[in-house]
>>> print(open('data-v2.txt').read())   # compact mmCIF, C-alpha atoms
# COMPACT_ATOMS: atom_id res chain seq x y z
CA MET Z 123 0.00 0.00 0.00
CA PRO Z 124 1.80 3.15 -1.14
CA PHE Z 125 1.54 6.43 0.70
CA LYS Z 126 -1.01 8.88 -0.72
CA ARG Z 127 -0.59 11.97 1.52
CA TYR Z 128 2.92 13.42 1.43
CA VAL Z 129 4.57 16.05 3.55
CA GLU Z 130 5.15 18.82 1.03
CA ILE Z 131 4.96 22.55 0.91
CA GLY Z 132 1.29 23.44 0.79
CA ARG Z 133 0.00 20.28 2.46
CA VAL Z 134 -2.88 21.09 4.82
CA ALA Z 135 -2.63 19.27 8.15
CA LEU Z 136 -4.72 18.99 11.30
CA VAL Z 137 -3.01 19.70 14.62
CA ASN Z 138 -3.70 16.79 16.98
CA TYR Z 139 -1.83 17.84 20.13
CA GLY Z 140 -0.98 20.98 21.99
CA LYS Z 141 -2.17 24.54 22.25
CA ASP Z 142 -3.49 24.67 18.68
CA TYR Z 143 -5.37 21.38 18.91
CA GLY Z 144 -7.99 20.99 16.20
CA LYS Z 145 -6.68 23.72 13.91
CA LEU Z 146 -6.07 23.34 10.20
CA VAL Z 147 -2.54 24.49 9.31
CA VAL Z 148 -0.49 24.60 6.12
CA ILE Z 149 3.03 23.17 5.93
CA VAL Z 150 5.07 26.08 4.70
CA ASP Z 151 8.61 24.70 5.03
CA VAL Z 152 10.42 21.66 6.38
CA VAL Z 153 12.93 22.38 9.14
CA ASP Z 154 14.53 18.96 9.47
CA GLN Z 155 13.60 15.31 9.58
CA ASN Z 156 11.13 15.81 12.41
CA ARG Z 157 9.84 19.35 12.23
CA ALA Z 158 7.97 21.57 9.86
CA LEU Z 159 7.25 25.25 9.73
CA VAL Z 160 3.48 25.64 9.76
CA ASP Z 161 1.22 28.60 9.32
CA ALA Z 162 -2.49 29.37 9.44
CA PRO Z 163 -4.42 32.59 8.89
CA ASP Z 164 -5.14 33.05 12.61
CA MET Z 165 -1.83 32.03 14.16
CA VAL Z 166 1.78 33.09 14.29
CA ARG Z 167 3.98 31.03 11.96
CA SER Z 168 5.80 28.45 14.11
CA GLN Z 169 7.58 25.13 13.98
CA MET Z 170 5.80 21.92 14.88
CA ASN Z 171 6.88 18.32 15.16
CA PHE Z 172 5.33 16.05 12.54
CA LYS Z 173 4.04 13.90 15.36
CA ARG Z 174 1.67 16.75 16.26
CA LEU Z 175 0.24 16.87 12.74
CA THR Z 176 -2.16 14.60 10.90
CA LEU Z 177 -1.97 15.09 7.13
CA THR Z 178 -5.16 15.68 5.16
CA ASP Z 179 -5.96 15.21 1.49
CA ILE Z 180 -6.00 18.92 0.83
CA LYS Z 181 -3.00 20.62 -0.82
CA ILE Z 182 -2.65 24.23 -1.86
CA ASP Z 183 -0.34 25.86 -4.38
CA ILE Z 184 2.28 28.01 -2.66
CA ASN Z 185 5.99 28.66 -2.84
CA ARG Z 186 8.32 27.92 0.05
CA VAL Z 187 7.63 30.30 3.00
CA PRO Z 188 5.13 32.66 1.41
CA LYS Z 189 4.11 35.98 2.90
CA LYS Z 190 1.07 35.79 5.17
CA LYS Z 191 -1.09 37.66 2.67
CA THR Z 192 -0.04 35.32 -0.15
CA LEU Z 193 -0.82 32.34 2.02
CA ILE Z 194 -4.29 33.63 2.87
CA ASP Z 195 -5.03 34.36 -0.79
CA ALA Z 196 -3.87 30.91 -1.82
CA MET Z 197 -6.09 29.33 0.82
CA GLU Z 198 -9.06 31.32 -0.44
CA LYS Z 199 -8.33 30.29 -4.03
CA ALA Z 200 -8.10 26.60 -3.14
CA ASP Z 201 -11.23 26.97 -0.97
CA VAL Z 202 -9.66 24.99 1.85
CA LYS Z 203 -12.38 25.80 4.37
CA ASN Z 204 -15.27 24.56 2.26
CA LYS Z 205 -13.38 21.51 1.01
CA TRP Z 206 -12.62 20.59 4.60
CA GLU Z 207 -16.13 21.15 5.92
CA SER Z 208 -17.68 19.10 3.12
CA SER Z 209 -15.24 16.21 3.49
CA SER Z 210 -16.46 13.32 5.65
CA TRP Z 211 -13.59 13.82 8.12
CA GLY Z 212 -14.39 17.50 8.51
CA ARG Z 213 -18.11 16.82 8.90
CA LYS Z 214 -17.44 14.25 11.61
CA LEU Z 215 -15.42 16.78 13.60
CA ILE Z 216 -18.18 19.35 13.31
CA VAL Z 217 -20.74 16.84 14.57
CA GLN Z 218 -18.48 15.86 17.47
CA LYS Z 219 -18.12 19.50 18.48
CA ARG Z 220 -21.87 20.04 18.28
CA ARG Z 221 -22.60 16.98 20.40
CA ALA Z 222 -20.09 18.05 23.04
CA SER Z 223 -21.66 21.48 23.34
CA LEU Z 224 -25.23 20.23 23.88
CA ASN Z 225 -27.12 21.64 26.82
CA ASP Z 226 -28.99 19.36 29.30
CA PHE Z 227 -32.27 20.51 27.69
CA ASP Z 228 -30.83 19.83 24.22
CA ARG Z 229 -29.91 16.32 25.25
CA PHE Z 230 -33.46 15.78 26.46
CA LYS Z 231 -34.92 17.03 23.15
CA LEU Z 232 -32.46 14.78 21.31
CA MET Z 233 -33.68 11.79 23.31
CA LEU Z 234 -37.30 12.58 22.42
CA ALA Z 235 -36.38 12.92 18.74
CA LYS Z 236 -34.53 9.59 18.74
CA ILE Z 237 -37.49 7.82 20.33
CA LYS Z 238 -39.85 9.38 17.79
CA ARG Z 239 -37.66 8.34 14.87
CA ALA Z 240 -37.29 4.81 16.20
CA GLY Z 241 -41.06 4.59 16.54
CA ILE Z 242 -41.62 5.59 12.93
CA VAL Z 243 -38.98 3.17 11.70
CA ARG Z 244 -40.55 0.36 13.68
CA GLN Z 245 -43.98 1.11 12.24
CA GLU Z 246 -42.67 0.96 8.69
CA LEU Z 247 -40.82 -2.25 9.45
CA ALA Z 248 -43.99 -3.79 10.87
CA LYS Z 249 -45.86 -2.80 7.72
CA LEU Z 250 -43.23 -4.38 5.51
CA LYS Z 251 -43.20 -7.53 7.60
CA LYS Z 252 -46.95 -7.83 7.26
CA GLU Z 253 -46.73 -7.46 3.50
CA THR Z 254 -44.10 -10.15 3.10
CA ALA Z 255 -45.90 -12.44 5.52
CA ALA Z 256 -49.16 -12.07 3.58
CA MET O 64 -15.02 70.39 65.12
CA ALA O 65 -14.62 71.83 61.61
CA ALA O 66 -17.18 70.85 58.95
CA LYS O 67 -16.33 67.75 56.86
CA ARG O 68 -14.79 68.38 53.44
CA LYS O 69 -16.90 67.46 50.44
CA THR O 70 -13.95 65.93 48.55
CA PRO O 71 -11.45 63.74 50.43
CA VAL O 72 -7.98 65.33 50.90
CA ARG O 73 -5.55 64.39 48.15
CA THR O 74 -2.11 63.98 49.71
CA ARG O 75 0.30 66.73 48.72
CA ASN O 76 3.27 64.38 49.12
CA PRO O 77 3.32 61.78 46.33
CA ASP O 78 5.15 58.50 46.96
CA LEU O 79 8.46 57.94 45.18
CA ILE O 80 8.35 54.33 46.29
CA ARG O 81 6.36 52.87 49.15
CA GLY O 82 7.51 54.51 52.37
CA VAL O 83 9.45 57.37 50.78
CA GLY O 84 7.74 60.65 49.93
CA LYS O 85 8.87 63.15 47.40
CA TYR O 86 9.10 66.11 49.77
CA SER O 87 11.06 66.48 53.01
CA ARG O 88 9.57 67.53 56.33
CA SER O 89 10.59 71.13 55.88
CA LYS O 90 9.17 71.26 52.35
CA MET O 91 5.91 69.72 53.55
CA TYR O 92 5.72 72.28 56.36
CA HIS O 93 5.79 74.94 53.72
CA LYS O 94 3.35 73.14 51.36
CA ARG O 95 0.73 72.58 54.05
CA GLY O 96 0.81 76.24 54.93
CA LEU O 97 1.58 75.68 58.60
CA TRP O 98 3.62 78.92 58.49
CA ALA O 99 0.45 80.79 57.47
CA ILE O 100 -1.58 79.21 60.27
CA LYS O 101 1.09 80.18 62.76
CA ALA O 102 1.30 83.72 61.42
CA LYS O 103 -2.46 84.14 61.72
CA ASN O 104 -2.23 82.99 65.34
CA GLY O 105 0.67 85.25 66.40
CA GLY O 106 3.70 82.99 66.02
CA VAL O 107 2.36 79.93 67.86
CA PHE O 108 0.31 77.05 66.62
CA PRO O 109 -3.37 77.46 67.64
CA ARG O 110 -4.24 75.38 70.63
CA HIS O 111 -7.74 74.38 71.67
CA ASP O 112 -8.20 73.59 75.34
CA PRO O 113 -10.17 70.46 76.01
CA LYS O 114 -13.87 71.08 76.66
CA PRO O 115 -14.84 70.89 80.32
CA LYS O 116 -16.29 67.44 80.92
CA PRO O 117 -18.93 66.81 83.60
CA PRO O 118 -17.27 65.10 86.60
CA ALA O 119 -17.48 61.29 86.38
CA ALA O 120 -19.70 59.61 88.99
CA ALA O 121 -17.77 58.30 92.00
CA GLU O 122 -17.10 54.57 91.56
CA LYS O 123 -17.88 52.30 94.48
CA ALA O 124 -15.53 49.47 95.38
CA PRO O 125 -17.06 46.19 94.10
CA LYS O 126 -18.75 43.94 96.67
CA PHE O 127 -17.22 40.75 95.37
CA TYR O 128 -13.83 39.89 93.95
CA PRO O 129 -13.53 36.44 92.31
CA ALA O 130 -10.87 34.14 93.86
CA ASP O 131 -8.94 33.54 90.62
CA ASP O 132 -8.50 35.91 87.77
CA VAL O 133 -10.78 34.74 84.95
CA LYS O 134 -9.72 35.57 81.42
CA LYS O 135 -12.32 37.35 79.32
CA PRO O 136 -12.73 35.89 75.83
CA LEU O 137 -11.70 38.18 72.98
CA LEU O 138 -14.41 40.26 71.38
CA ASN O 139 -15.71 38.91 68.05
CA LYS O 140 -17.39 41.51 65.88
CA ARG O 141 -17.63 39.34 62.76
CA LYS O 142 -20.86 39.63 60.79
CA PRO O 143 -21.41 36.66 58.46
CA LYS O 144 -22.18 37.64 54.87
CA PRO O 145 -24.93 35.96 52.84
CA THR O 146 -23.68 33.07 50.70
CA LYS O 147 -22.29 34.22 47.37
CA LEU O 148 -24.64 33.11 44.60
CA ARG O 149 -22.95 31.39 41.68
CA ALA O 150 -23.00 33.55 38.56
CA SER O 151 -24.73 30.78 36.62
CA ILE O 152 -27.78 30.89 38.94
CA THR O 153 -30.17 33.72 38.03
CA PRO O 154 -33.93 33.97 38.68
CA GLY O 155 -35.67 31.58 36.31
CA THR O 156 -32.75 29.18 35.90
CA VAL O 157 -33.58 25.47 35.74
CA LEU O 158 -31.64 23.67 38.47
CA ILE O 159 -31.02 19.95 38.94
CA LEU O 160 -31.38 18.85 42.59
CA LEU O 161 -28.65 16.45 43.60
CA ALA O 162 -29.72 15.17 47.01
CA GLY O 163 -32.73 14.58 49.16
CA ARG O 164 -36.24 13.41 48.42
CA PHE O 165 -36.32 15.15 45.04
CA MET O 166 -32.93 13.94 43.85
CA GLY O 167 -32.60 14.34 40.09
CA LYS O 168 -35.62 16.59 39.68
CA ARG O 169 -35.34 19.65 37.48
CA VAL O 170 -36.79 22.69 39.21
CA VAL O 171 -37.09 26.41 38.63
CA PHE O 172 -35.05 28.82 40.77
CA LEU O 173 -36.99 31.80 42.16
CA LYS O 174 -34.74 33.78 44.46
CA GLN O 175 -32.05 33.57 47.13
CA LEU O 176 -33.32 33.99 50.69
CA ALA O 177 -31.59 35.94 53.44
CA SER O 178 -30.15 32.76 54.95
CA GLY O 179 -28.36 32.00 51.67
CA LEU O 180 -30.65 29.11 50.70
CA LEU O 181 -32.28 29.09 47.30
CA LEU O 182 -36.08 29.31 46.98
CA VAL O 183 -37.17 26.80 44.39
CA THR O 184 -40.43 25.44 42.96
CA GLY O 185 -41.24 22.43 40.73
CA PRO O 186 -43.74 23.79 39.62
CA PHE O 187 -45.76 21.45 41.83
CA LYS O 188 -48.22 20.42 39.12
CA ILE O 189 -45.41 19.43 36.78
CA ASN O 190 -43.02 17.46 38.93
CA GLY O 191 -44.32 17.42 42.50
CA VAL O 192 -41.67 19.69 43.99
CA PRO O 193 -43.37 22.36 46.16
CA LEU O 194 -42.02 25.76 47.14
CA ARG O 195 -38.90 24.64 48.90
CA ARG O 196 -35.55 25.82 50.15
CA VAL O 197 -32.44 24.18 48.81
CA ASN O 198 -28.73 24.66 49.40
CA GLN O 199 -26.65 25.97 46.54
CA SER O 200 -24.05 23.24 47.00
CA TYR O 201 -26.52 20.46 46.24
CA VAL O 202 -27.61 21.87 42.92
CA ILE O 203 -26.38 21.87 39.32
CA ALA O 204 -27.30 25.00 37.41
CA THR O 205 -28.26 24.39 33.79
CA SER O 206 -28.16 27.10 31.18
CA THR O 207 -31.90 26.81 30.50
CA LYS O 208 -33.88 29.80 31.72
CA VAL O 209 -37.62 30.24 32.29
CA ASP O 210 -39.37 33.58 32.17
CA ILE O 211 -40.20 34.43 35.76
CA SER O 212 -41.46 37.99 35.43
CA GLY O 213 -45.11 37.29 36.21
CA VAL O 214 -44.42 35.75 39.61
CA ASN O 215 -44.73 37.57 42.93
CA ILE O 216 -42.25 36.07 45.39
CA GLU O 217 -41.89 39.03 47.73
CA LYS O 218 -43.66 37.42 50.65
CA PHE O 219 -41.49 34.30 50.87
CA ASP O 220 -38.64 34.39 53.35
CA ASP O 221 -37.02 32.03 55.85
CA LYS O 222 -39.72 32.64 58.46
CA TYR O 223 -42.35 31.27 56.04
CA PHE O 224 -40.58 27.93 56.13
CA ALA O 225 -40.10 27.73 59.91
CA LYS O 226 -41.65 24.72 61.65
CA ALA O 227 -45.02 25.45 63.24
CA VAL O 228 -44.72 25.56 67.06
CA GLU O 229 -46.88 22.93 68.82
CA LYS O 230 -48.43 23.20 72.22
CA LYS O 231 -46.70 20.79 74.60
CA LYS O 232 -49.17 18.32 76.12
CA LYS O 233 -48.60 17.27 79.70
CA LYS O 234 -48.14 13.52 79.84
CA GLY O 235 -49.59 11.59 82.74
CA GLU O 236 -47.99 8.23 83.61
CA GLY O 237 -50.80 6.27 82.07
CA GLU O 238 -50.45 7.97 78.74
CA PHE O 239 -46.70 7.51 78.64
CA PHE O 240 -46.76 4.27 76.69
CA GLU O 241 -49.79 5.06 74.63
CA ALA O 242 -49.09 6.04 71.07
CA GLU O 243 -49.87 9.67 70.39
CA LYS O 244 -53.17 9.73 68.57
CA GLU O 245 -52.31 12.26 65.91
CA ASP O 246 -53.16 12.12 62.26
CA LYS O 247 -50.58 13.03 59.69
CA LYS O 248 -50.00 16.77 59.69
CA LYS O 249 -52.17 18.36 57.04
CA LEU O 250 -50.67 21.09 54.90
CA PRO O 251 -52.43 24.37 55.72
CA GLU O 252 -54.69 25.69 52.98
CA ASP O 253 -52.91 29.01 52.64
CA LYS O 254 -49.65 27.28 51.73
CA LYS O 255 -51.50 25.40 49.00
CA GLU O 256 -52.94 28.67 47.75
CA ASP O 257 -49.46 30.25 47.70
CA GLN O 258 -48.17 27.33 45.67
CA LYS O 259 -50.96 27.66 43.14
CA ALA O 260 -50.48 31.41 42.82
CA VAL O 261 -46.74 31.09 42.16
CA ASP O 262 -47.16 28.23 39.74
CA ALA O 263 -49.97 29.76 37.68
CA SER O 264 -47.89 32.24 35.69
CA LEU O 265 -44.84 29.96 35.73
CA ILE O 266 -46.73 27.14 34.04
CA LYS O 267 -47.98 29.54 31.38
CA SER O 268 -44.45 30.62 30.46
CA ILE O 269 -43.24 27.00 30.59
CA GLU O 270 -45.92 25.85 28.20
CA GLY O 271 -44.77 28.52 25.78
CA VAL O 272 -41.52 26.61 25.18
CA PRO O 273 -41.92 23.27 23.36
CA ASP O 274 -40.87 20.18 25.35
CA LEU O 275 -39.96 22.24 28.44
CA LYS O 276 -42.87 20.81 30.43
CA ALA O 277 -41.81 17.23 29.72
CA TYR O 278 -38.21 18.22 30.49
CA LEU O 279 -39.15 19.51 33.94
CA ALA O 280 -41.28 16.45 34.60
CA ALA O 281 -38.42 14.05 33.87
CA ARG O 282 -35.65 13.25 36.33
CA PHE O 283 -31.98 13.63 35.49
CA SER O 284 -29.71 10.61 35.73
CA LEU O 285 -26.24 9.74 34.54
CA LYS O 286 -26.35 7.19 31.77
CA SER O 287 -23.60 4.98 30.43
CA GLY O 288 -20.93 6.97 28.64
CA MET O 289 -21.84 10.33 30.18
CA LYS O 290 -18.82 11.98 31.72
CA PRO O 291 -19.94 14.70 34.17
CA HIS O 292 -16.72 16.68 33.83
CA GLU O 293 -17.23 16.87 30.07
CA LEU O 294 -20.96 17.53 30.05
CA VAL O 295 -22.17 21.01 29.34
CA PHE O 296 -25.14 21.80 31.55
>>> encode(input="data-v2.txt", output="structure tokens")
Amino acid sequence: MPFKRYVEIGRVALVNYGKDYGKLVVIVDVVDQNRALVDAPDMVRSQMNFKRLTLTDIKIDINRVPKKKTLIDAMEKADVKNKWESSSWGRKLIVQKRRASLNDFDRFKLMLAKIKRAGIVRQELAKLKKETAA
Amino acid sequence: MAAKRKTPVRTRNPDLIRGVGKYSRSKMYHKRGLWAIKAKNGGVFPRHDPKPKPPAAAEKAPKFYPADDVKKPLLNKRKPKPTKLRASITPGTVLILLAGRFMGKRVVFLKQLASGLLLVTGPFKINGVPLRRVNQSYVIATSTKVDISGVNIEKFDDKYFAKAVEKKKKKGEGEFFEAEKEDKKKLPEDKKEDQKAVDASLIKSIEGVPDLKAYLAARFSLKSGMKPHELVF
């Protein structure tokens, strides 16, 4: 099984440890075998160990160490935000965040909705069973 | 005594660092104008003789001296402050009771009483919790709020909840072992009326929000997989 996501300049990665946990960053330069220089529109450019990054499928077109403005423009052009939020990985993270932020009342309403849905599904199933039995 | 100043005196000697002023004693003498006060008074500082006090009453020698010297306990002038209310608890907040007969019930917070306890109601028709006092420590505050503007809770205070005083019956020997023939204490009618009055407008605002009535009727419990330190209430 060959590798599909490479560490390269312009690779978008997700930070999985540390102060910037959960942020999408762009690899802007490689420092050495273990570290990369990463940058994002809302953070100061800094070095990060590769172990703190999880590579994504998204890659943007930039030169080595671009200016902040160039980086932001390139991210807009490649539409990183929308690509991420429509990918299944990105959608899962959004759902996880939403579930974690639910209120006690929201959890109660969710329970009622689940029961209602299960009831409807069960009714349909009963109907289908009757039809096949007949 | 001279009249009080309207604005408090700003010190004329600013601190260089703590404990060291900018001006020396002689400079301050000049800045405060003590030379002018002296000049007005003919070279000496004005002196006010103490007012004549009425002579103190002659003290009699005490009749009794205790054998040993008894130490007097130190004076304690501390006044306890009312319990600080958590910022998340405001009138109308839905609270989850954590202990007692109504453990797990979700109730509506009305106000904090003078003793620091929280006045809370079910409402009674919805979940069976009457007007009740509850300690802040045994409560989880949720972020759900109910509109409480139509409720008059002025008359409720700690005295309202005090136990009714009973007349003590004199027991003869024969009655000592007999069980007291008392029926269960009935709740006085006016307390029931108070409950209904408070709950009337509350229930109307609760029914305005979908599912809120069922929410208040249900009890809270921790299910499998729920981590209290990660839950948002």
>>> interface_residues(input="data-v2.txt", of="chain O", to="chain Z", cutoff="10 Å", atoms="only C-alpha atoms", output="ChimeraX atom specification")
/O:157,159,205-207,273-275,277-279,281,283,293-296
>>> write_last_selection(input="data-v2.txt", atoms="C-alpha atoms", output="mmCIF file, keeping the file's coordinate frame")
data_model
loop_
_atom_site.group_PDB
_atom_site.id
_atom_site.type_symbol
_atom_site.label_atom_id
_atom_site.label_comp_id
_atom_site.auth_asym_id
_atom_site.auth_seq_id
_atom_site.Cartn_x
_atom_site.Cartn_y
_atom_site.Cartn_z
ATOM 1 C CA VAL O 157 -33.580 25.470 35.740
ATOM 2 C CA ILE O 159 -31.020 19.950 38.940
ATOM 3 C CA THR O 205 -28.260 24.390 33.790
ATOM 4 C CA SER O 206 -28.160 27.100 31.180
ATOM 5 C CA THR O 207 -31.900 26.810 30.500
ATOM 6 C CA PRO O 273 -41.920 23.270 23.360
ATOM 7 C CA ASP O 274 -40.870 20.180 25.350
ATOM 8 C CA LEU O 275 -39.960 22.240 28.440
ATOM 9 C CA ALA O 277 -41.810 17.230 29.720
ATOM 10 C CA TYR O 278 -38.210 18.220 30.490
ATOM 11 C CA LEU O 279 -39.150 19.510 33.940
ATOM 12 C CA ALA O 281 -38.420 14.050 33.870
ATOM 13 C CA PHE O 283 -31.980 13.630 35.490
ATOM 14 C CA GLU O 293 -17.230 16.870 30.070
ATOM 15 C CA LEU O 294 -20.960 17.530 30.050
ATOM 16 C CA VAL O 295 -22.170 21.010 29.340
ATOM 17 C CA PHE O 296 -25.140 21.800 31.550
#
>>> residues_around(input="data-v2.txt", residues="stretch 142-158 of chain Z", least_positions_apart="3", cutoff="6 Å", atoms="all atoms listed in the file", output="PDB file with C-alpha atoms, in the frame of the given file")
ATOM      1  CA  ILE Z 131       4.960  22.550   0.910  1.00  0.00           C
ATOM      2  CA  GLY Z 132       1.290  23.440   0.790  1.00  0.00           C
ATOM      3  CA  ARG Z 133       0.000  20.280   2.460  1.00  0.00           C
ATOM      4  CA  VAL Z 134      -2.880  21.090   4.820  1.00  0.00           C
ATOM      5  CA  ALA Z 135      -2.630  19.270   8.150  1.00  0.00           C
ATOM      6  CA  LEU Z 136      -4.720  18.990  11.300  1.00  0.00           C
ATOM      7  CA  VAL Z 137      -3.010  19.700  14.620  1.00  0.00           C
ATOM      8  CA  ASN Z 138      -3.700  16.790  16.980  1.00  0.00           C
ATOM      9  CA  TYR Z 139      -1.830  17.840  20.130  1.00  0.00           C
ATOM     10  CA  ASP Z 161       1.220  28.600   9.320  1.00  0.00           C
ATOM     11  CA  ALA Z 162      -2.490  29.370   9.440  1.00  0.00           C
ATOM     12  CA  GLN Z 169       7.580  25.130  13.980  1.00  0.00           C
ATOM     13  CA  MET Z 170       5.800  21.920  14.880  1.00  0.00           C
ATOM     14  CA  ASN Z 171       6.880  18.320  15.160  1.00  0.00           C
ATOM     15  CA  PHE Z 172       5.330  16.050  12.540  1.00  0.00           C
ATOM     16  CA  ARG Z 186       8.320  27.920   0.050  1.00  0.00           C
ATOM     17  CA  VAL Z 187       7.630  30.300   3.000  1.00  0.00           C
TER      18      VAL Z 187
END
>>> atom_distance(input="data-v2.txt", atom1="atom CA of Z:Leu250", atom2="atom CA of Z:Ile237")
20.0 Å
>>> atom_distance(input="data-v2.txt", atom1="atom CA of Z:Ala196", atom2="atom CA of Z:Lys126")
22.2 Å
>>> atom_distance(input="data-v2.txt", atom1="atom CA of O:Ser212", atom2="atom CA of O:Ala260")
13.4 Å
>>> residues_near_point(input="data-v2.txt", point="(2.2, 7.3, 4.0)", cutoff="12 Å", atoms="only C-alpha atoms", output="NGL selection string")
:Z and (123-129 or 176-179)
>>> residues_around(input="data-v2.txt", residues="stretch 142-155 of chain O", least_positions_apart="4", cutoff="7 Å", atoms="only C-alpha atoms", output="ChimeraX atom specification")
/O:171-174,177-179,204,208-211
